[in-house]
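Participant: Got input.cif for you, mmCIF, N, CA, C and O atoms:
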data_model
loop_
_atom_site.label_atom_id
_atom_site.label_comp_id
_atom_site.auth_asym_id
_atom_site.auth_seq_id
_atom_site.Cartn_x
_atom_site.Cartn_y
_atom_site.Cartn_z
N MET A 1 -99.28 -28.37 -64.23
CA MET A 1 -98.56 -27.40 -63.44
C MET A 1 -97.97 -26.31 -64.33
O MET A 1 -97.99 -25.16 -63.98
N HIS A 2 -97.47 -26.69 -65.49
CA HIS A 2 -96.88 -25.71 -66.40
C HIS A 2 -97.94 -24.74 -66.91
O HIS A 2 -97.65 -23.58 -67.14
N TYR A 3 -99.14 -25.26 -67.09
CA TYR A 3 -100.24 -24.42 -67.56
C TYR A 3 -100.52 -23.31 -66.55
O TYR A 3 -100.71 -22.15 -66.93
N CYS A 4 -100.53 -23.61 -65.27
CA CYS A 4 -100.76 -22.62 -64.23
C CYS A 4 -99.67 -21.56 -64.25
O CYS A 4 -99.93 -20.38 -64.11
N PHE A 5 -98.42 -22.00 -64.44
CA PHE A 5 -97.31 -21.07 -64.50
C PHE A 5 -97.47 -20.12 -65.69
O PHE A 5 -97.26 -18.92 -65.57
N LEU A 6 -97.85 -20.67 -66.84
CA LEU A 6 -98.03 -19.84 -68.03
C LEU A 6 -99.16 -18.84 -67.84
O LEU A 6 -99.05 -17.68 -68.24
N CYS A 7 -100.25 -19.28 -67.22
CA CYS A 7 -101.37 -18.37 -66.95
C CYS A 7 -100.93 -17.25 -66.01
O CYS A 7 -101.26 -16.08 -66.23
N LEU A 8 -100.21 -17.60 -64.97
CA LEU A 8 -99.73 -16.62 -64.01
C LEU A 8 -98.78 -15.64 -64.68
O LEU A 8 -98.86 -14.43 -64.48
N PHE A 9 -97.88 -16.14 -65.51
CA PHE A 9 -96.94 -15.29 -66.23
C PHE A 9 -97.70 -14.33 -67.14
O PHE A 9 -97.42 -13.13 -67.17
N TYR A 10 -98.64 -14.85 -67.89
CA TYR A 10 -99.43 -14.02 -68.80
C TYR A 10 -100.17 -12.94 -68.03
O TYR A 10 -100.17 -11.77 -68.42
N PHE A 11 -100.78 -13.32 -66.92
CA PHE A 11 -101.54 -12.37 -66.11
C PHE A 11 -100.63 -11.27 -65.56
O PHE A 11 -100.98 -10.09 -65.63
N THR A 12 -99.46 -11.62 -65.05
CA THR A 12 -98.56 -10.61 -64.49
C THR A 12 -98.06 -9.66 -65.58
O THR A 12 -97.89 -8.47 -65.33
N GLN A 13 -97.85 -10.18 -66.78
CA GLN A 13 -97.43 -9.31 -67.88
C GLN A 13 -98.54 -8.32 -68.24
O GLN A 13 -98.28 -7.16 -68.52
N ARG A 14 -99.77 -8.80 -68.23
CA ARG A 14 -100.90 -7.92 -68.55
C ARG A 14 -101.06 -6.84 -67.48
O ARG A 14 -101.34 -5.70 -67.79
N VAL A 15 -100.87 -7.21 -66.23
CA VAL A 15 -100.97 -6.25 -65.13
C VAL A 15 -99.89 -5.18 -65.29
O VAL A 15 -100.15 -3.98 -65.11
N LYS A 16 -98.69 -5.58 -65.67
CA LYS A 16 -97.61 -4.61 -65.88
C LYS A 16 -97.98 -3.64 -67.00
O LYS A 16 -97.77 -2.44 -66.89
N LEU A 17 -98.53 -4.16 -68.08
CA LEU A 17 -98.92 -3.30 -69.20
C LEU A 17 -100.02 -2.33 -68.79
O LEU A 17 -99.99 -1.15 -69.15
N ILE A 18 -100.99 -2.82 -68.04
CA ILE A 18 -102.09 -1.96 -67.59
C ILE A 18 -101.58 -0.90 -66.63
O ILE A 18 -102.03 0.25 -66.67
N SER A 19 -100.62 -1.25 -65.79
CA SER A 19 -100.12 -0.28 -64.81
C SER A 19 -99.36 0.87 -65.46
O SER A 19 -99.34 1.97 -64.92
N ILE A 20 -98.75 0.65 -66.62
CA ILE A 20 -98.05 1.75 -67.29
C ILE A 20 -98.91 2.47 -68.31
O ILE A 20 -98.54 3.53 -68.82
N TYR A 21 -100.08 1.92 -68.59
CA TYR A 21 -100.97 2.55 -69.56
C TYR A 21 -101.41 3.91 -69.05
O TYR A 21 -101.76 4.10 -67.91
N GLY A 22 -101.39 4.87 -69.90
CA GLY A 22 -101.90 6.19 -69.56
C GLY A 22 -100.93 7.07 -68.81
O GLY A 22 -101.31 8.14 -68.36
N GLN A 23 -99.69 6.66 -68.65
CA GLN A 23 -98.74 7.52 -67.96
C GLN A 23 -98.32 8.70 -68.82
O GLN A 23 -97.86 9.71 -68.30
N ARG A 24 -98.46 8.58 -70.09
CA ARG A 24 -98.16 9.67 -71.00
C ARG A 24 -99.41 10.54 -71.09
O ARG A 24 -100.49 10.07 -71.42
N ASP A 25 -99.31 11.82 -70.78
CA ASP A 25 -100.47 12.71 -70.75
C ASP A 25 -101.23 12.70 -72.07
O ASP A 25 -102.45 12.69 -72.09
N LYS A 26 -100.51 12.70 -73.17
CA LYS A 26 -101.17 12.75 -74.47
C LYS A 26 -102.03 11.49 -74.70
O LYS A 26 -103.10 11.57 -75.29
N THR A 27 -101.56 10.34 -74.22
CA THR A 27 -102.33 9.10 -74.38
C THR A 27 -103.67 9.22 -73.68
O THR A 27 -104.71 8.90 -74.24
N ARG A 28 -103.65 9.68 -72.45
CA ARG A 28 -104.90 9.82 -71.69
C ARG A 28 -105.85 10.78 -72.38
O ARG A 28 -107.05 10.52 -72.51
N THR A 29 -105.34 11.91 -72.83
CA THR A 29 -106.18 12.91 -73.48
C THR A 29 -106.76 12.37 -74.78
O THR A 29 -107.96 12.52 -75.04
N GLU A 30 -105.92 11.74 -75.59
CA GLU A 30 -106.38 11.20 -76.87
C GLU A 30 -107.43 10.11 -76.66
O GLU A 30 -108.47 10.10 -77.32
N HIS A 31 -107.17 9.21 -75.75
CA HIS A 31 -108.09 8.10 -75.53
C HIS A 31 -109.39 8.56 -74.88
O HIS A 31 -110.46 8.06 -75.22
N LEU A 32 -109.32 9.52 -73.98
CA LEU A 32 -110.54 10.06 -73.38
C LEU A 32 -111.40 10.70 -74.46
O LEU A 32 -112.61 10.50 -74.51
N GLY A 33 -110.77 11.45 -75.34
CA GLY A 33 -111.51 12.06 -76.45
C GLY A 33 -112.16 11.02 -77.34
O GLY A 33 -113.31 11.19 -77.77
N MET A 34 -111.46 9.93 -77.62
CA MET A 34 -112.00 8.87 -78.46
C MET A 34 -113.19 8.19 -77.77
O MET A 34 -114.20 7.91 -78.41
N VAL A 35 -113.08 7.95 -76.48
CA VAL A 35 -114.16 7.31 -75.72
C VAL A 35 -115.38 8.22 -75.67
O VAL A 35 -116.52 7.78 -75.89
N LEU A 36 -115.16 9.50 -75.39
CA LEU A 36 -116.27 10.44 -75.35
C LEU A 36 -116.98 10.52 -76.70
O LEU A 36 -118.22 10.53 -76.76
N LYS A 37 -116.20 10.55 -77.76
CA LYS A 37 -116.80 10.62 -79.10
C LYS A 37 -117.59 9.35 -79.40
O LYS A 37 -118.70 9.41 -79.92
N TYR A 38 -117.03 8.20 -79.07
CA TYR A 38 -117.69 6.93 -79.33
C TYR A 38 -119.02 6.83 -78.57
O TYR A 38 -120.02 6.39 -79.10
N LEU A 39 -119.01 7.25 -77.31
CA LEU A 39 -120.21 7.16 -76.47
C LEU A 39 -121.16 8.35 -76.69
O LEU A 39 -122.24 8.38 -76.09
N LYS A 40 -120.71 9.31 -77.50
CA LYS A 40 -121.48 10.52 -77.76
C LYS A 40 -121.70 11.32 -76.49
O LYS A 40 -122.77 11.90 -76.27
N PHE A 41 -120.68 11.34 -75.64
CA PHE A 41 -120.69 12.15 -74.43
C PHE A 41 -119.86 13.40 -74.70
O PHE A 41 -119.18 13.50 -75.72
N ARG A 42 -119.92 14.34 -73.78
CA ARG A 42 -119.12 15.55 -73.93
C ARG A 42 -118.56 15.95 -72.58
O ARG A 42 -118.99 15.46 -71.54
N ARG A 43 -117.61 16.85 -72.62
CA ARG A 43 -117.01 17.34 -71.39
C ARG A 43 -117.89 18.42 -70.75
O ARG A 43 -118.65 19.09 -71.43
N TRP A 44 -117.73 18.56 -69.46
CA TRP A 44 -118.44 19.60 -68.71
C TRP A 44 -117.92 20.96 -69.16
O TRP A 44 -116.74 21.18 -69.30
N GLN A 45 -118.84 21.89 -69.36
CA GLN A 45 -118.50 23.27 -69.72
C GLN A 45 -119.01 24.20 -68.62
O GLN A 45 -120.05 23.92 -68.00
N PRO A 46 -118.34 25.30 -68.36
CA PRO A 46 -118.81 26.23 -67.32
C PRO A 46 -120.26 26.70 -67.53
O PRO A 46 -120.98 26.91 -66.56
N LEU A 47 -120.70 26.81 -68.77
CA LEU A 47 -122.08 27.24 -69.03
C LEU A 47 -123.10 26.19 -68.59
O LEU A 47 -124.29 26.53 -68.41
N ASP A 48 -122.68 24.96 -68.41
CA ASP A 48 -123.60 23.92 -67.96
C ASP A 48 -124.10 24.18 -66.54
O ASP A 48 -125.15 23.69 -66.15
N GLU A 49 -123.33 24.95 -65.79
CA GLU A 49 -123.73 25.27 -64.42
C GLU A 49 -125.00 26.12 -64.40
O GLU A 49 -125.79 26.06 -63.45
N ILE A 50 -125.24 26.88 -65.48
CA ILE A 50 -126.42 27.76 -65.55
C ILE A 50 -127.71 26.95 -65.44
O ILE A 50 -128.64 27.35 -64.74
N TRP A 51 -127.80 25.83 -66.11
CA TRP A 51 -129.03 25.03 -66.05
C TRP A 51 -128.99 23.99 -64.93
O TRP A 51 -130.02 23.62 -64.40
N LEU A 52 -127.77 23.54 -64.54
CA LEU A 52 -127.69 22.49 -63.53
C LEU A 52 -127.94 23.02 -62.12
O LEU A 52 -128.57 22.34 -61.31
N SER A 53 -127.47 24.21 -61.82
CA SER A 53 -127.65 24.75 -60.46
C SER A 53 -129.11 24.86 -60.05
O SER A 53 -129.49 24.38 -58.98
N PRO A 54 -129.99 25.47 -60.87
CA PRO A 54 -131.41 25.52 -60.47
C PRO A 54 -132.04 24.13 -60.39
O PRO A 54 -132.86 23.86 -59.51
N TRP A 55 -131.66 23.26 -61.31
CA TRP A 55 -132.20 21.89 -61.30
C TRP A 55 -131.81 21.19 -60.00
O TRP A 55 -132.62 20.55 -59.35
N LEU A 56 -130.55 21.34 -59.63
CA LEU A 56 -130.04 20.71 -58.41
C LEU A 56 -130.70 21.30 -57.18
O LEU A 56 -131.05 20.58 -56.24
N LEU A 57 -130.91 22.60 -57.16
CA LEU A 57 -131.58 23.24 -56.03
C LEU A 57 -133.00 22.72 -55.88
O LEU A 57 -133.44 22.40 -54.78
N ASN A 58 -133.72 22.61 -56.99
CA ASN A 58 -135.10 22.08 -56.93
C ASN A 58 -135.12 20.65 -56.43
O ASN A 58 -135.97 20.28 -55.61
N LYS A 59 -134.22 19.82 -56.92
CA LYS A 59 -134.17 18.43 -56.47
C LYS A 59 -133.78 18.35 -55.00
O LYS A 59 -134.28 17.49 -54.26
N GLY A 60 -132.90 19.23 -54.58
CA GLY A 60 -132.49 19.25 -53.18
C GLY A 60 -133.64 19.63 -52.25
O GLY A 60 -133.73 19.14 -51.13
N MET A 61 -134.51 20.51 -52.73
CA MET A 61 -135.69 20.89 -51.94
C MET A 61 -136.70 19.76 -51.87
O MET A 61 -137.40 19.62 -50.88
N GLU A 62 -136.78 18.95 -52.92
CA GLU A 62 -137.71 17.82 -52.93
C GLU A 62 -137.26 16.72 -51.99
O GLU A 62 -138.07 16.06 -51.35
N HIS A 63 -135.96 16.48 -51.93
CA HIS A 63 -135.41 15.36 -51.16
C HIS A 63 -134.28 15.87 -50.26
O HIS A 63 -133.37 16.53 -50.74
N ASP A 64 -134.37 15.57 -48.99
CA ASP A 64 -133.25 15.89 -48.11
C ASP A 64 -132.41 14.65 -47.84
O ASP A 64 -131.65 14.59 -46.89
N ASN A 65 -132.54 13.67 -48.70
CA ASN A 65 -131.81 12.42 -48.58
C ASN A 65 -130.65 12.43 -49.59
O ASN A 65 -130.88 12.41 -50.80
N GLU A 66 -129.42 12.51 -49.08
CA GLU A 66 -128.26 12.64 -49.95
C GLU A 66 -128.10 11.51 -50.96
O GLU A 66 -127.80 11.78 -52.13
N PRO A 67 -128.29 10.24 -50.58
CA PRO A 67 -128.15 9.17 -51.58
C PRO A 67 -129.14 9.30 -52.74
O PRO A 67 -128.79 9.06 -53.90
N ILE A 68 -130.37 9.71 -52.44
CA ILE A 68 -131.37 9.89 -53.51
C ILE A 68 -130.95 11.04 -54.41
O ILE A 68 -131.01 10.94 -55.64
N LEU A 69 -130.51 12.14 -53.81
CA LEU A 69 -130.07 13.29 -54.59
C LEU A 69 -128.87 12.95 -55.46
O LEU A 69 -128.82 13.30 -56.64
N LEU A 70 -127.92 12.23 -54.91
CA LEU A 70 -126.75 11.81 -55.68
C LEU A 70 -127.16 10.92 -56.85
O LEU A 70 -126.66 11.09 -57.98
N ARG A 71 -128.06 10.00 -56.61
CA ARG A 71 -128.53 9.12 -57.68
C ARG A 71 -129.21 9.93 -58.79
O ARG A 71 -128.99 9.69 -59.97
N GLN A 72 -130.02 10.90 -58.40
CA GLN A 72 -130.70 11.72 -59.40
C GLN A 72 -129.72 12.57 -60.21
O GLN A 72 -129.89 12.74 -61.41
N VAL A 73 -128.71 13.10 -59.54
CA VAL A 73 -127.70 13.88 -60.25
C VAL A 73 -126.95 13.00 -61.24
O VAL A 73 -126.73 13.39 -62.39
N CYS A 74 -126.58 11.81 -60.82
CA CYS A 74 -125.88 10.89 -61.72
C CYS A 74 -126.75 10.54 -62.93
O CYS A 74 -126.25 10.51 -64.06
N LEU A 75 -128.03 10.29 -62.69
CA LEU A 75 -128.93 9.98 -63.80
C LEU A 75 -129.07 11.18 -64.74
O LEU A 75 -129.05 11.02 -65.97
N LYS A 76 -129.20 12.37 -64.18
CA LYS A 76 -129.34 13.58 -65.01
C LYS A 76 -128.10 13.81 -65.85
O LYS A 76 -128.19 14.11 -67.06
N LEU A 77 -126.93 13.68 -65.25
CA LEU A 77 -125.69 13.88 -66.01
C LEU A 77 -125.53 12.82 -67.08
O LEU A 77 -125.05 13.10 -68.17
N GLY A 78 -125.98 11.60 -66.80
CA GLY A 78 -125.96 10.56 -67.81
C GLY A 78 -126.92 10.84 -68.95
O GLY A 78 -126.59 10.64 -70.12
N GLN A 79 -128.09 11.36 -68.62
CA GLN A 79 -129.07 11.72 -69.66
C GLN A 79 -128.54 12.86 -70.52
O GLN A 79 -128.78 12.90 -71.73
N GLU A 80 -127.83 13.77 -69.91
CA GLU A 80 -127.28 14.92 -70.65
C GLU A 80 -125.96 14.58 -71.34
O GLU A 80 -125.37 15.42 -71.98
N LYS A 81 -125.51 13.34 -71.16
CA LYS A 81 -124.30 12.82 -71.81
C LYS A 81 -123.02 13.53 -71.37
O LYS A 81 -122.22 14.00 -72.15
N PHE A 82 -122.83 13.62 -70.05
CA PHE A 82 -121.57 14.14 -69.50
C PHE A 82 -120.69 13.01 -69.12
O PHE A 82 -121.05 12.07 -68.51
#
Now that the file is in, can you turn its structure into structure tokens?

Facilitator:
Amino acid sequence: MHYCFLCLFYFTQRVKLISIYGQRDKTRTEHLGMVLKYLKFRRWQPLDEIWLSPWLLNKGMEHDNEPILLRQVCLKLGQEKF
């Protein structure tokens, strides 16, 4: 019985820590930058719209099925490391 109490206590403490994580703006920015660098991803830039808009239009003409189009966009953005 004591073991269950200790597990529950540990879990609730972890939930509290997770709930306050990232409340400081600088923490979120710093950690997002670290994650992007580690995964070799980058942030979206306004110039990315120049190549994505025609690509999206062509894919939209090929498929009028929104779930397929959404899946293709997600795959493309993943391939481009966004």

Participant: Do you know which residues the PyMOL selection byres ((chain A and resi 81) around 7) returns on this file, as number ranges by chain?

Facilitator: A: 39-44, 75-80, 82

Participant: Can you tell me how far CA of Pro46 in chain A sits from CA of Val73 in chain A, in Å to one decimal?

Facilitator: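 Atom-to-atom, CA of Pro46 in chain A and CA of Val73 in chain A are spaced 16.8 Å apart.
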
Participant: Between atom C of Leu56 in chain A and atom C of Val35 in chain A, measure the distance and give it in Å to one decimal.

Facilitator: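 Here the two named atoms are 27.3 Å from each other.
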
Participant: Would you pick out the contacts of Gly60 in chain A at 10 Å or less, using only C-alpha atoms, so that residues sharing its chain but fewer than 6 positions from it are not included, and give the list as a PyMOL selection string?

Facilitator: chain A and resi 54+66+68-70+72

Participant: If you measure from atom C of Lys59 in chain A to atom N of Leu47 in chain A, what distance in Å do you get, rounded to one decimal?

Facilitator: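 Between atom C of Lys59 in chain A and atom N of Leu47 in chain A the gap is 20.8 Å.
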
Participant: Pick out each residue of range 18-47 of chain A that DSSP on the backbone tags as helix (DSSP H, G or I); I need them as a list in words.

Facilitator: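 Everything in range 18-47 of chain A that counts as helix (DSSP H, G or I) is Ile18, Ser19, Ile20, Asp25, Lys26, Thr27, Arg28, Thr29, Glu30, His31, Leu32, Gly33, Met34, Val35, Leu36, Lys37, Tyr38 and Leu39 of chain A.
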